[in-house]
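One structure is given here, and the rest of the page talks about it.
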Amino acid sequence: MLHIVACIKQVPDTKIIKMNPKTNTMDRASAPAILNPYDAHAVEEAVRLKQRYGGVVSVVTMGPPPAVKAIRKCIEIGADAGYLVTDRAFAGADTLATSYAITKAIEKISETQPVDLVICGKMTIDGDTGQVGPGIARRLDIPPLTSVKKVVEVNKAEGYCIVHRKLEDGYEVIQSSLPCLFSVEKEINEVPYSPLPNMLRAARYDPVIWAVNDLGDIDRTLLGLKGSPTIVAKVWPPEKPKGGEMLEGTAQEQVSRLMEILQEKQRLFRVKEGQA
């Protein structure tokens with residue numbers, strides 16, 4: 001039986017969130033908190049592997065106490081257990097400090113049952129770095145398989161897995177030893193509506209909550225702001241595109257005008273490159 005740990009994060013809904021014009025930072029209070037979409041696919045894939053091979057799915061996250069909402073959503077998807085790592089000592093963590101804290105939590109989880117596979121979303125929509133998953137793999141000293149779009153096989157008995165890894169011009173087939181870590185693409189699966197029994201269980205579920213002192217031998221200098229060499233000096237929204245021309249007339253007239261514009265741009269490009 002597999003023991004799969006899915007690493008998740010509760011994030012602000014970036015479709016709704018606003019920027020603070022005075023501080024040039026995200027106003028997190030302006031948007032509801034949701035389970036990171038990529039992580040939902042990670043949990044769904046973990047549940048599918050559990051159903052396929054048998055096993056247990058645990059989810060773990062680091063965040064403030066309200067992050068229990070994201071864990072309950074994972075229970076609703078089909079996870080078996082949830083762990084929340086929350087403490088003021090973790091505040092202000094960048095991806096390096098976050099990967100350290102999550103790694104210590106996974107090590108504690110594995111004391112009860114060894115972990116065969118760790119699954120993360122490709123990235124979070126509030127950070128877009130894609131660094132935490134590989135950071136966890138590095139600290140656990142296991143292979144990181146990034147941009148996974150399909151899991152072909154997970155063979156615990158023989159200690160290997162086979163996946164398809166997404167590339168810009170196709171995909172590559174990779175075989176890795178177990179345990180290892182996947183960071184998955186959204187296209188790996190579709191997250192269906194949860195069945196009623198899962199929803200009822202999620203509504204009543206209380207995750208295991210750990211503070212920094214619960215994680216055993218931990219180096220506090222690697223946590224929170226102290227353990228975060230990355231500094232975000234400023235955040236701002238991209239400028240809205242300017243200009244543009246609305247093409248009018250019949251379809252043929254619009255096509256003719258578009259060809260004129262493209263030919264003019266091509267001429268200007270050749271002049272700029274000294275090809276005229």
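Following the order of the structure tokens, chains are lettered A, B, ..., residues in each are numbered from 1, and ligands are numbered from 1.
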
### Task
Run DSSP on the backbone of this structure and report the residues of region 29-237 of chain A it assigns to strand (DSSP E), as number ranges by chain.
A: 33-35, 55-62, 81-85, 117-121, 144-155, 160-167, 170-177, 180-184, 208-210

Env of Trp210 (chain A): 8 Å cut, atoms = only C-alpha atoms, seq-sep filter 6 positions within chain, self excluded. Answer as a compact mmCIF listing (two decimals) with C-alpha atoms, in the first residue's frame.
```txt
# COMPACT_ATOMS: atom_id res chain seq x y z
CA TYR A 83 -1.73 18.24 8.74
CA LEU A 84 -1.46 21.99 9.30
CA VAL A 85 1.88 23.50 10.31
CA THR A 86 1.13 26.89 11.86
```

### Shell of 10 Å around region 90-102 of chain A, only C-alpha atoms, local chain residues under 6 positions omitted, as a ChimeraX atom specification
/A:7-8,60-64,84,108,127,129-140,211-212,215,218-232

### Task
Tell me, as number ranges by chain, which residues lie within 9 Å of region 117-121 of chain A, counting only C-alpha atoms; anything in the same chain fewer than 4 positions away does not count.
A: 2-8, 36-43, 45-46, 106, 130, 132-133, 137, 147, 178-186

Keeping N, CA, C and O atoms for every residue in the selection just given, could you write it to a file as a short mmCIF file (atom, residue, chain, number, x, y, z; two decimals), in the first residue's frame?
```cif
data_model
loop_
_atom_site.label_atom_id
_atom_site.label_comp_id
_atom_site.auth_asym_id
_atom_site.auth_seq_id
_atom_site.Cartn_x
_atom_site.Cartn_y
_atom_site.Cartn_z
N LEU A 2 0.48 2.20 -0.83
CA LEU A 2 1.24 3.44 -0.94
C LEU A 2 0.86 4.44 0.15
O LEU A 2 -0.30 4.52 0.54
N HIS A 3 1.83 5.17 0.61
CA HIS A 3 1.55 6.34 1.45
C HIS A 3 1.99 7.56 0.64
O HIS A 3 3.18 7.77 0.39
N ILE A 4 1.00 8.33 0.21
CA ILE A 4 1.25 9.50 -0.63
C ILE A 4 0.99 10.76 0.18
O ILE A 4 -0.05 10.88 0.84
N VAL A 5 1.92 11.70 0.15
CA VAL A 5 1.73 12.98 0.80
C VAL A 5 1.58 14.06 -0.27
O VAL A 5 2.46 14.20 -1.14
N ALA A 6 0.49 14.78 -0.22
CA ALA A 6 0.27 15.90 -1.13
C ALA A 6 0.51 17.20 -0.39
O ALA A 6 -0.05 17.43 0.68
N CYS A 7 1.36 18.04 -0.95
CA CYS A 7 1.68 19.35 -0.34
C CYS A 7 0.78 20.41 -0.97
O CYS A 7 0.73 20.53 -2.20
N ILE A 8 0.09 21.17 -0.15
CA ILE A 8 -0.90 22.12 -0.66
C ILE A 8 -0.68 23.49 -0.05
O ILE A 8 0.11 23.67 0.88
N ASN A 36 -5.11 26.24 -3.70
CA ASN A 36 -4.36 26.51 -4.92
C ASN A 36 -4.79 25.52 -6.01
O ASN A 36 -4.76 24.31 -5.81
N PRO A 37 -5.23 26.01 -7.18
CA PRO A 37 -5.77 25.12 -8.22
C PRO A 37 -4.82 23.99 -8.63
O PRO A 37 -5.26 22.86 -8.84
N TYR A 38 -3.54 24.28 -8.79
CA TYR A 38 -2.59 23.22 -9.15
C TYR A 38 -2.54 22.14 -8.07
O TYR A 38 -2.40 20.95 -8.37
N ASP A 39 -2.68 22.56 -6.81
CA ASP A 39 -2.64 21.60 -5.70
C ASP A 39 -3.88 20.71 -5.68
O ASP A 39 -3.82 19.56 -5.24
N ALA A 40 -5.01 21.25 -6.13
CA ALA A 40 -6.23 20.43 -6.22
C ALA A 40 -6.00 19.27 -7.18
O ALA A 40 -6.42 18.13 -6.91
N HIS A 41 -5.30 19.52 -8.27
CA HIS A 41 -4.98 18.44 -9.22
C HIS A 41 -3.98 17.46 -8.61
O HIS A 41 -4.03 16.26 -8.90
N ALA A 42 -3.08 17.97 -7.78
CA ALA A 42 -2.12 17.09 -7.10
C ALA A 42 -2.84 16.13 -6.16
O ALA A 42 -2.55 14.93 -6.12
N VAL A 43 -3.79 16.67 -5.39
CA VAL A 43 -4.55 15.83 -4.46
C VAL A 43 -5.41 14.84 -5.23
O VAL A 43 -5.49 13.65 -4.87
N GLU A 45 -4.82 13.54 -8.13
CA GLU A 45 -3.97 12.47 -8.66
C GLU A 45 -3.55 11.51 -7.56
O GLU A 45 -3.48 10.30 -7.77
N ALA A 46 -3.27 12.04 -6.37
CA ALA A 46 -2.93 11.18 -5.24
C ALA A 46 -4.08 10.24 -4.91
O ALA A 46 -3.87 9.04 -4.65
N ILE A 106 6.87 16.55 6.74
CA ILE A 106 6.82 15.26 6.05
C ILE A 106 7.65 14.22 6.81
O ILE A 106 7.24 13.05 6.94
N GLY A 130 7.26 27.87 -8.65
CA GLY A 130 7.50 26.45 -8.87
C GLY A 130 8.73 25.93 -8.14
O GLY A 130 9.31 24.92 -8.54
N VAL A 132 9.02 25.38 -4.53
CA VAL A 132 8.85 24.66 -3.27
C VAL A 132 8.95 23.15 -3.47
O VAL A 132 9.62 22.46 -2.68
N GLY A 133 8.31 22.62 -4.50
CA GLY A 133 8.36 21.18 -4.73
C GLY A 133 9.78 20.66 -4.88
O GLY A 133 10.21 19.77 -4.12
N ALA A 137 12.09 18.14 -2.40
CA ALA A 137 12.79 16.94 -2.89
C ALA A 137 14.27 16.99 -2.56
O ALA A 137 14.87 15.98 -2.15
N SER A 147 6.74 19.04 -13.82
CA SER A 147 5.85 19.16 -15.00
C SER A 147 5.27 17.81 -15.42
O SER A 147 5.19 17.50 -16.61
N LEU A 178 11.69 5.04 -6.32
CA LEU A 178 10.84 5.51 -5.23
C LEU A 178 11.64 5.46 -3.93
O LEU A 178 12.50 4.60 -3.77
N PRO A 179 11.36 6.40 -2.99
CA PRO A 179 10.39 7.49 -3.08
C PRO A 179 10.89 8.61 -3.98
O PRO A 179 12.09 8.75 -4.19
N CYS A 180 9.94 9.40 -4.50
CA CYS A 180 10.30 10.54 -5.31
C CYS A 180 9.20 11.60 -5.16
O CYS A 180 8.21 11.38 -4.43
N LEU A 181 9.37 12.72 -5.83
CA LEU A 181 8.40 13.81 -5.75
C LEU A 181 7.93 14.19 -7.15
O LEU A 181 8.75 14.34 -8.06
N PHE A 182 6.61 14.33 -7.31
CA PHE A 182 6.04 14.85 -8.54
C PHE A 182 5.58 16.29 -8.31
O PHE A 182 5.00 16.59 -7.27
N SER A 183 5.80 17.16 -9.29
CA SER A 183 5.05 18.41 -9.35
C SER A 183 4.24 18.34 -10.64
O SER A 183 4.81 18.13 -11.72
N VAL A 184 2.93 18.49 -10.52
CA VAL A 184 2.05 18.11 -11.62
C VAL A 184 1.43 19.30 -12.33
O VAL A 184 1.21 20.37 -11.75
N GLU A 185 1.14 19.09 -13.61
CA GLU A 185 0.44 20.06 -14.43
C GLU A 185 -1.07 19.93 -14.20
O GLU A 185 -1.56 18.88 -13.76
N LYS A 186 -1.82 20.97 -14.56
CA LYS A 186 -3.27 20.90 -14.43
C LYS A 186 -3.87 19.85 -15.34
O LYS A 186 -4.90 19.25 -15.02
#
```

### Query
How many Å separate CA of Met246 (chain A) from CA of Val271 (chain A)?
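About the pair CA of Met246 (chain A) and CA of Val271 (chain A): they are 26.0 Å apart.
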
#### Entry: helix (DSSP H, G or I) positions in region 64-184 of chain A, given as a ChimeraX atom specification
/A:65-77,88-90,95-112,132-140

### Summary
Of A:Thr146, A:Cys161, A:Lys104, A:Ala202, the one sitting nearest Ala70 (chain A) when using only C-alpha atoms is A:Ala202

### Message
Using Å and a single decimal, report how far CA of Asp169 (chain A) sits from CA of Met123 (chain A).
### Response
20.5 Å

### Query
Which residue out of A:Val208, A:Val148, A:Val68, A:Met1 has the minimum interatomic distance to Asp116 (chain A) when only C-alpha atoms are used?
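Of all the options, A:Met1 lies closest to Asp116 (chain A).
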
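Using only C-alpha atoms, the nearest neighbour of Leu145 (chain A) within the list A:Glu248, A:Val163, A:Val11, A:Gln51 is A:Val163.
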
### Message
Could you tell me how far CA of Ile125 (chain A) sits from CA of Ser176 (chain A), in Å to one decimal place?
### Response
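Taking CA of Ser176 (chain A) and CA of Ile125 (chain A), their separation equals 27.8 Å.
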
### Query
Looking at only C-alpha atoms, which of A:Arg52, A:Glu107, A:Ser177, A:Glu273 is the one that sits closest to Ala157 (chain A)?
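Looking at the shortest contact to Ala157 (chain A), the residue is A:Ser177.
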
### Task
Find, counting only C-alpha atoms, the residue in A:Lys15, A:Lys149, A:Lys73, A:Arg257 that gets nearest to Ile188 (chain A).
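Looking at the shortest contact to Ile188 (chain A), the residue is A:Lys149.
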
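Nearest residue to Glu187 (chain A) among A:Glu153, A:Glu44, A:Gly243, A:Ala81 is A:Glu44, counting only C-alpha atoms.
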